[in-house]
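Undergrad: The structure follows.
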Amino acid sequence: MAEEQRTDLSVIGKPLPKIDAAAKVTGQLVYAGDLTLPRLAFAKLLRSPHPHARIRSIDVSRAAVLPGVLATLVGSELPIPFGILPVSQDEHALAIDTARFAGDPVAAVAAVDEETAEAALALVVVDYEVLPALMTVEDALARPDCRINEHGSHGNVHKEVSFDFGDVEAGFREADHLREDTFFFEGNNHLAMEEHAAVAHHGPDGKLTLWSSTQTPHYVHRALAKVLEMPPAHIRIVACSNGGGFGGKTDPFGHEIVVAKLSMKTGRPVKIVLTREEVFYTHRGRHPVRMWVKTGLKKDGRITAMHFRTALDGGAYGSYGVASLYYTGALQTVTYEIPRYKFEGVRVFTNKPPCGPKRGHGTPQPRFALECHIDRFCHDLGIDPAEWRLRNTLAPGTLTANQMQVRTIGLKACLDRVIERSAYREKRESLPDGRGIGLAGSAYLSGAGLPIYWNALPHSGVQIKVDRGGGVTVFCGSTDVGQGSDSVLAYVVAEELGIEPKDIRVVTADTDLTPVDLGSYSSRVTLMTGNAAIHAARKLRGQLLEAAARKLEVPVERLRMAARRVWDEADPSRGLSFAETAVLAEAAFGTLGSVGWYRPPKPAAKWKGSGVGPSPTYSYSAAAVELTADRETGIVRIDKVWIAHDIGRALNPLLVVGQLEGSVYMALGEALMEEQVFRKGLHKIPSMLDYKSPTSLDMPAVESILVETLDPEGPYGAKECGQGPLLPVIPAVANALFDALGVWVDEVPITPEKVLAALEGRYRSPKMPDYTYPETVVVAPLEPAAPAAPPATTALAEAR
Amino acid sequence: MEKRRLTLQVNGEAREVLVPVHHSLLEVLREDLGLTGTKHGCELGECGACTVLVDGKPVLSCLTLPVECEGREITTVEGLARGGELSPLQTTFSELGAAQCGYCTPGMLLTAQALVQQQARPSRDDIREALAGNLCRCTGYLKIFEAVELASARMRGEPEPAPVAPEVVRG
């Protein structure tokens with residue numbers, strides 16, 4: 001039986017608590033900020049007060065002699081640049097010549113305590129020559145002579161792209177109806193509850209250890225080795241349990257490098273904990289994106305062609321921005337039939353904190369635009385938006401216009417379930433004035449198909465050790481950011497070895513102890529570590545079964561393993577405990593241990609830029625939102641959200657529903673209130689009180705529906721669920737608002753001011769920046785037609 | 001820097017500390033007493049992560065000075081479990097997945113603890129109201145509400161509401 005079709009599972013599919021739940025509810029889980037070491041020193045960063053300034057000089061002499069100060073640090077001591085993407089090595093741990101946003105770190109101090117470090121910062125004298133602050137895309141494009149960042153394409157254009165897949169103009173000529181819309185998605189912050197923290201210790205053996213609240217210890221490892229010019233073998237990165245990440249802890253950060261360097265300078269462990277205000281300036285959050293979309297349609301609603309443009313306000317550094325830019329054009333095609341597609345995008349540098357990946361990375365913005373646009377052209381054509389979506393979803397195995405390979409697709413089932421459960425058809429255009437219902441579908445990656453830096457290595461590795469007492473330890477580089485990835489490793493290995501998750505120790509995210517996993521981003525962990533864990537566990541399972549078969553004198557095929565026991569299926573009274581089996585296997589084969597790994601299938605597409613978008617398989621979601629909008633105040637209250645998600649298979653439905661509810665919550669914050677906005681060069685609201693996010697009073701009822709498509713590429717058929725379910729909720733809110741009030745708001749957050757402006761006819765739709773996209777690259781279709789749904793790849797196929 | 005010697009009653013133990021007078025209760029708990037279960041998300045009284053109980057009432061330890069707490073009973077998350085046995089709220093938070101990353105959890109638990117001690121039968125709205133000052137970015141609060149309701153039902157010795165299982169369909 002194909003792996004994903006299995007029904008004989010004893011751990012997988014059960015609503016078990018997380019393996020670290022008890023540690024969390026007793027306050028014993030250790031986050032980076034909780035760590036302390038003997039002789040610990042504390043670091044603080046001095047940040048530029050100007051959004052754009054040349055640094056003429058920095059004088060740390062008075063700070064250095066303050067009693068209690070152990071070391072000072074300036075940018076010229078760390079001259080090697082770094083950045084998460086190989087194409088964007090544009091950051092320095094401390095700014096050297098130029099501060100590019102207010103909050104850009106320019107100097108650091110280590111002292112015996114935090115207060116002394118803080119006092120010392122006040123004694124650092126920086127001579128700034130203030131430069132023009134280019135705070136908007138328009139300002140930045142208008143001043144190509146005043147370059148914010150030299151690592152761009154030209155002027156303040158960081159990166160620009162233009163691709164045509166299948167001649168959209170020909171598609172528009174075939175259309176009966178054309179519709180154009182412009183949208184804006186404001187930037188917002190992850191607002192993880194835990195502020196970033198790091199502790200570095202350069203030990204007497206010359207080796208460096210960094211404990212950090214990072215989602216990507218492997219990439220931090222590489223950045224530290226590069227900047228500090230140390231062999232990676234002498235650096236150990238330990239990612240502590242993250243107090244929430246959402247993408248905000250996926251870059252290597254200057255503060256991590258600073259504490260490492262300060263530890264080398266002082267010979268003491270050095271700790272830094274960012275303040276909440278610093279977290280807002282560290283940012284890497286959702287890009288503000290303006291979008292224009294034009295679609296050609298036949299009378300019956302079939303799309304003939306789609307042209308999509310995006311303009312991203314990137315902030316001052318590259319971060320993940322090149323990938324973010326491509327993502328704003330990549331996944332429009334993997335939900336509904338779009339035979340011809342053109343994408344143009346540009347990312348512009350501005351003097352603001354750098355934007356990066358947040359839950360859904362670069363795809364919530366275009367998904368918001370696309371799903372609102374769909375409701376509008378359905379309105380033009382007099383088609384029910386639910387019917388349109390159900391009729392136009394892709395078939396399984398589709399190779400899209402931009403050459404993304406879809407495998408299983410549960411979108412239609414997701415749509416169908418939320419339409420029925422919410423009574424969308426009965427309610428639309430039928431609820432009383434001020435109340436409305438909206439619908440949207442979406443897709444997301446189950447892991448990026450390619451690594452961030454080019455290599456042919458596995459994306460995820462797992463080692464398992466079994467000891468004589470029946471103890472099992474699983475080692476993996478993956479990082480638990482609260483989503484439960486440590487638990488998933490335990491569930492998978494327990495399933496494969498016939499033991500309980502609580503029998504297993506999980507050691508993760510420690511570059512000295514664990515094989516590489518690329519990190520908690522792109523919703524890759526369950527699929528990739530799950531497959532790697534199955535691969536490793538199957539080898540051990542084989543040895544254990546063989547040893548048991550010899551002892552029980554029955555063929556291996558007759559043996560079953562579950563509940564810490566191995567037994568003869570023909571005579572269940574004949575069996576061995578797991579621990580006894582482990583001893584027999586060790587006697588037979590020697591010390592027990594195994595390794596497993598996972599590498600995604602080779603993407604079908606070959607065009608330059610097609611590295612962003614491919615995935616082992618896509619997850620799908622649909623949401624219906626019912627809301628009440630007040631014509632007098634413009635206040636929107638969400639009454640209920642129905643969310644259906646194509647999870648492939650729920651390895652633990654309790655954790656899956658947790659991700660769905662959390663995604664709905666975060667989406668509602670982005671749809672209605674959250675915004676990272678600036679005034680006079682500074683963040684307007686860098687505090688948790690002023691940066692509005694939903695509280696317990698704002699959260700509506702949520703009904704979750706799990707759609708299982710049993711994907712052949714997923715472990716037991718599983719796909720992701722951490723990011724995808726956020727996507728449909730935001731456009732469903734905007735679509736519901738139209739149903740409630742008959743007005744469109746073309747941007748998020750949909751604040752009461754904008755609703756009132758729309759009601760009073762004062763609302764101004766966003767405008768695309770005046771910018772000429774580069775010459776279009778015409779991408780030829782793949783020849784011959786690629787086979788539908790290529791089979792599962794190497795390591796996993798081998799394990800099966 | 002003026003320091004003062006204080007005796008604080010924390011989780012049933014008398015703890016003597018010598019601390020600068022301007023240090024917050026949060027800092028003293030975490031740094032002087034090693035009780036790092038109490039978290040910080042803003043240190044400005046905005047997020048609720050640092051909530052502890054003082055004489056049974058939730059307070060923001062980042063805005064509380066230890067001198068105000070002398071002679072009063074302070075309870076942190078470390079004081080909720082008794083003799084290694086999790087409290088009803090700790091148990092239900094764990095069972096229902098009400099702790100995702102776990103960072104807001106200590107503050108949530110203590111605020112909820114005060115509620116269930118004060119009100120034997122809190123409604124969903126009572127729970128929402130009580131927890132409105134504790135931000136959580138992971139759960140969307142729903143599992144937290146359910147965990148408080150379940151713990152409260154168990155504390156009353158009532159039959160438990162059937163767990164809400166999601167609809168699962170083959171796609």
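Labels used: A, B, ... for chains in the order of the structure tokens, numbers from 1 for residues in each chain, and numbers from 1 for ligands as shown.
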Show me, as a tab-separated table, the residues of chain A having an atom within 7 Å of chain B, each with the closest atom pair and its distance in Å, using only C-alpha atoms.
TA:
residue	atom	partner	partner_atom	distance
A:Pro17	CA	B:Glu95	CA	5.3
A:Ala21	CA	B:Ser94	CA	5.1
A:Ala22	CA	B:Ser94	CA	6.3
A:Lys24	CA	B:Gly102	CA	5.1
A:Val25	CA	B:Gln90	CA	5.4
A:Thr26	CA	B:Glu78	CA	5.9
A:Gly27	CA	B:Gly37	CA	3.9
A:Gln28	CA	B:Gly37	CA	6.1
A:Asp34	CA	B:Thr36	CA	5.8
A:Ala192	CA	B:Arg137	CA	6.3
A:Met193	CA	B:Gly41	CA	5.4
A:Glu194	CA	B:Gly41	CA	5.7
A:Glu195	CA	B:Gly41	CA	6.3
A:Asn242	CA	B:Cys101	CA	6.7
A:Gly243	CA	B:Tyr103	CA	5.0
A:Gly244	CA	B:Cys101	CA	5.5
A:Thr275	CA	B:Cys42	CA	6.8
A:Arg276	CA	B:Cys42	CA	5.2
A:Gly410	CA	B:Gly171	CA	5.1
A:Ala413	CA	B:Gly171	CA	5.4
A:Val481	CA	B:Cys101	CA	6.1
A:Gly482	CA	B:Cys101	CA	3.4
A:Gln483	CA	B:Gln100	CA	6.2
A:Leu654	CA	B:Gly97	CA	6.8
A:Leu655	CA	B:Gly97	CA	6.8
A:Gly658	CA	B:Thr139	CA	6.0
A:Glu661	CA	B:Gly140	CA	5.6
A:Gly662	CA	B:Thr139	CA	4.5
A:Tyr665	CA	B:Gly140	CA	4.8
A:Met688	CA	B:Glu46	CA	5.9
A:Leu689	CA	B:Glu46	CA	5.6
A:Thr695	CA	B:Ala132	CA	5.7
A:Ser696	CA	B:Ala132	CA	5.1
A:Leu697	CA	B:Arg128	CA	5.5
A:Met699	CA	B:Gly140	CA	6.8
A:Ser704	CA	B:Pro166	CA	5.8
A:Ile705	CA	B:Glu167	CA	4.9
A:Leu706	CA	B:Val168	CA	4.7
A:Val707	CA	B:Val169	CA	4.9
A:Glu708	CA	B:Arg170	CA	4.8
A:Thr709	CA	B:Gly171	CA	4.8
Undergrad: Store the residues picked out above in a file with C-alpha atoms, as a compact mmCIF listing (two decimals), in the first residue's frame.
TA:
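After the write, part_13.txt holds the following:
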# COMPACT_ATOMS: atom_id res chain seq x y z
CA PRO A 17 -0.35 17.13 23.50
CA ALA A 21 3.61 21.10 26.73
CA ALA A 22 4.40 20.43 30.39
CA LYS A 24 5.61 25.36 28.69
CA VAL A 25 2.80 25.39 31.25
CA THR A 26 5.25 25.24 34.15
CA GLY A 27 7.44 28.03 32.82
CA GLN A 28 10.40 25.69 32.47
CA ASP A 34 16.29 33.09 30.08
CA ALA A 192 6.24 37.64 18.21
CA MET A 193 5.74 37.83 21.98
CA GLU A 194 9.40 37.04 22.63
CA GLU A 195 11.83 39.81 21.74
CA ASN A 242 11.43 30.50 19.99
CA GLY A 243 8.73 32.50 21.70
CA GLY A 244 7.03 32.86 18.35
CA THR A 275 13.57 45.85 23.60
CA ARG A 276 10.16 45.80 21.95
CA GLY A 410 -7.81 19.95 -2.18
CA ALA A 413 -13.06 20.40 -1.35
CA VAL A 481 9.13 28.07 17.01
CA GLY A 482 5.97 27.01 18.80
CA GLN A 483 4.42 25.20 15.86
CA LEU A 654 -4.97 19.21 17.62
CA LEU A 655 -1.84 20.96 16.40
CA GLY A 658 -4.08 25.33 16.46
CA GLU A 661 -6.98 29.25 14.40
CA GLY A 662 -3.69 31.09 14.82
CA TYR A 665 -6.22 35.38 14.08
CA MET A 688 2.45 46.96 21.60
CA LEU A 689 -0.14 49.42 22.83
CA THR A 695 -7.01 40.86 21.70
CA SER A 696 -9.16 38.16 23.21
CA LEU A 697 -12.12 40.54 22.85
CA MET A 699 -11.38 37.11 18.26
CA SER A 704 -12.02 24.53 11.22
CA ILE A 705 -12.36 21.85 8.58
CA LEU A 706 -9.51 19.56 7.62
CA VAL A 707 -9.31 18.28 4.06
CA GLU A 708 -7.07 15.24 3.61
CA THR A 709 -5.67 14.72 0.12
Undergrad: Of the candidates A:His287, A:Val472, A:Leu208, A:Pro231, which shows the shortest atom-to-atom distance to Glu496 of chain A, using only C-alpha atoms?
TA: A:Val472
Undergrad: Using only C-alpha atoms, which residues sit within 12 Å of Ala780 of chain A once same-chain residues fewer than 4 positions away are excluded, as a count of residues only?
TA: 15
Undergrad: Neighbouring residues of Arg121 of chain B were defined as those with any atom within 9 Å, considering only C-alpha atoms; residues of the same chain fewer than 3 positions away were excluded. Please report them as a ChimeraX atom specification.
TA: /B:116,149,152-153,156
Undergrad: So that I can see what lies close to segment 622-625 of chain A, please list as a count of residues only the residues with an atom at most 7 Å from it, counting only C-alpha atoms and leaving out residues fewer than 3 positions away in the same chain.
TA: 21
Undergrad: Smallest atom-to-atom distance to Ala239 of chain A: which of A:Gly203, A:Gly634, A:Gly33, A:Gly542, using only C-alpha atoms?
TA: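 So, comparing all the options, the nearest one is A:Gly33.
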Undergrad: Just the alpha helix (DSSP H) stuff from segment 636-781 of chain A, please, per backbone DSSP, written as a CSV table (one decimal) with C-alpha atoms, in the first residue's frame.
TA:
chain,number,residue,atom,x,y,z
A,653,PRO,CA,-5.3,17.3,14.3
A,654,LEU,CA,-5.0,19.2,17.6
A,655,LEU,CA,-1.8,21.0,16.4
A,656,VAL,CA,-3.3,21.5,12.9
A,657,VAL,CA,-6.4,23.2,14.3
A,658,GLY,CA,-4.1,25.3,16.5
A,659,GLN,CA,-2.3,26.5,13.3
A,660,LEU,CA,-5.6,27.2,11.5
A,661,GLU,CA,-7.0,29.3,14.4
A,662,GLY,CA,-3.7,31.1,14.8
A,663,SER,CA,-3.6,31.8,11.1
A,664,VAL,CA,-7.1,33.2,11.1
A,665,TYR,CA,-6.2,35.4,14.1
A,666,MET,CA,-3.1,36.8,12.5
A,667,ALA,CA,-4.9,37.3,9.2
A,668,LEU,CA,-7.7,39.3,10.9
A,669,GLY,CA,-5.0,41.5,12.5
A,670,GLU,CA,-3.5,42.3,9.1
A,671,ALA,CA,-7.0,42.7,7.5
A,672,LEU,CA,-8.3,45.2,10.1
A,729,VAL,CA,-9.0,35.1,5.3
A,730,ILE,CA,-7.8,38.6,4.4
A,731,PRO,CA,-9.5,38.9,1.0
A,732,ALA,CA,-12.6,37.1,2.4
A,733,VAL,CA,-12.9,40.0,4.9
A,734,ALA,CA,-12.7,42.6,2.0
A,735,ASN,CA,-15.2,40.6,0.0
A,736,ALA,CA,-17.5,40.3,3.0
A,737,LEU,CA,-17.3,44.1,3.5
A,738,PHE,CA,-18.6,44.6,-0.1
A,739,ASP,CA,-21.5,42.3,0.6
A,740,ALA,CA,-22.2,44.2,3.8
A,741,LEU,CA,-22.0,47.8,2.6
A,752,PRO,CA,-12.8,52.5,10.1
A,753,GLU,CA,-11.5,55.7,8.5
A,754,LYS,CA,-11.2,53.9,5.1
A,755,VAL,CA,-14.7,52.3,5.4
A,756,LEU,CA,-16.2,55.7,6.2
A,757,ALA,CA,-14.3,57.3,3.3
A,758,ALA,CA,-15.6,54.6,1.0
A,759,LEU,CA,-19.2,55.1,2.2
Undergrad: Determine which residues of segment 472-696 of chain A receive a DSSP assignment of strand (DSSP E or B), computed from the backbone, and state them as a ChimeraX atom specification.
TA: /A:472-476,504-508,510,517,559-562,565-568,571-577,592-598,618-629,636-646,678-679,682-683
Undergrad: Write out as a PyMOL selection string which residues come within 10 Å of segment 23-27 of chain B when counting only C-alpha atoms, dropping same-chain ones fewer than 2 positions away.
TA: chain B and resi 3+19-21+29-36+38-40+43+50-52+60-69+74
Undergrad: Which residues are near segment 503-520 of chain A? Cut-off 7 Å, only C-alpha atoms, ignore same chain within fewer than 6 positions. Put them as a ChimeraX atom specification.
TA: /A:215-218,236-239,459-462,471-479,486,490
Undergrad: May I have the selected residues written with N, CA and C atoms, as a short mmCIF file (atom, residue, chain, number, x, y, z; two decimals), in the first residue's frame?
TA:
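This is the output file selection15.cif:
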data_model
loop_
_atom_site.label_atom_id
_atom_site.label_comp_id
_atom_site.auth_asym_id
_atom_site.auth_seq_id
_atom_site.Cartn_x
_atom_site.Cartn_y
_atom_site.Cartn_z
N GLN A 215 15.10 31.15 13.97
CA GLN A 215 14.38 30.09 13.28
C GLN A 215 15.28 29.34 12.32
N THR A 216 16.51 29.86 12.10
CA THR A 216 17.38 29.32 11.05
C THR A 216 18.83 29.20 11.53
N PRO A 217 19.10 28.31 12.50
CA PRO A 217 20.47 28.22 13.03
C PRO A 217 21.51 27.92 11.95
N HIS A 218 21.13 27.17 10.94
CA HIS A 218 22.11 26.82 9.90
C HIS A 218 22.59 28.07 9.16
N ARG A 236 29.42 26.96 17.11
CA ARG A 236 28.23 26.17 17.43
C ARG A 236 27.05 27.13 17.61
N ILE A 237 25.98 26.86 16.88
CA ILE A 237 24.77 27.67 17.05
C ILE A 237 23.70 26.80 17.67
N VAL A 238 23.13 27.29 18.75
CA VAL A 238 22.01 26.60 19.37
C VAL A 238 20.79 27.51 19.26
N ALA A 239 19.80 27.06 18.52
CA ALA A 239 18.55 27.83 18.47
C ALA A 239 17.72 27.42 19.67
N HIS A 459 17.91 18.75 2.33
CA HIS A 459 17.35 19.91 3.02
C HIS A 459 17.10 19.63 4.50
N SER A 460 17.00 18.35 4.80
CA SER A 460 16.75 18.00 6.19
C SER A 460 17.40 16.66 6.50
N GLY A 461 18.07 16.61 7.65
CA GLY A 461 18.71 15.37 8.07
C GLY A 461 18.25 14.98 9.47
N VAL A 462 18.15 13.69 9.71
CA VAL A 462 17.75 13.17 11.02
C VAL A 462 18.67 12.03 11.39
N GLY A 471 15.75 3.24 25.09
CA GLY A 471 15.66 4.69 24.93
C GLY A 471 15.94 5.08 23.49
N VAL A 472 15.17 6.02 22.98
CA VAL A 472 15.35 6.47 21.61
C VAL A 472 15.57 7.99 21.62
N THR A 473 16.63 8.43 20.97
CA THR A 473 16.88 9.87 20.85
C THR A 473 16.92 10.23 19.38
N VAL A 474 16.21 11.29 19.06
CA VAL A 474 16.13 11.77 17.68
C VAL A 474 16.89 13.10 17.61
N PHE A 475 17.79 13.21 16.66
CA PHE A 475 18.58 14.43 16.48
C PHE A 475 18.22 15.07 15.13
N CYS A 476 17.89 16.33 15.16
CA CYS A 476 17.55 17.00 13.91
C CYS A 476 17.80 18.50 14.05
N GLY A 477 18.27 19.13 13.00
CA GLY A 477 18.57 20.57 13.05
C GLY A 477 17.34 21.45 13.06
N SER A 478 16.15 20.90 12.99
CA SER A 478 14.94 21.73 12.89
C SER A 478 14.69 22.52 14.17
N THR A 479 13.98 23.62 14.02
CA THR A 479 13.82 24.59 15.11
C THR A 479 12.35 24.74 15.47
N ASP A 486 9.27 19.83 17.08
CA ASP A 486 9.91 18.79 17.90
C ASP A 486 8.94 17.63 18.11
N ALA A 490 8.92 13.40 17.16
CA ALA A 490 8.63 12.32 18.12
C ALA A 490 7.47 11.46 17.64
#
Undergrad: When you draw a straight line from atom CA of Ala330 of chain A to atom CA of Thr363 of chain A, how long is it in Å?
TA: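 Atom-to-atom, atom CA of Ala330 of chain A and atom CA of Thr363 of chain A are spaced 8.0 Å apart.
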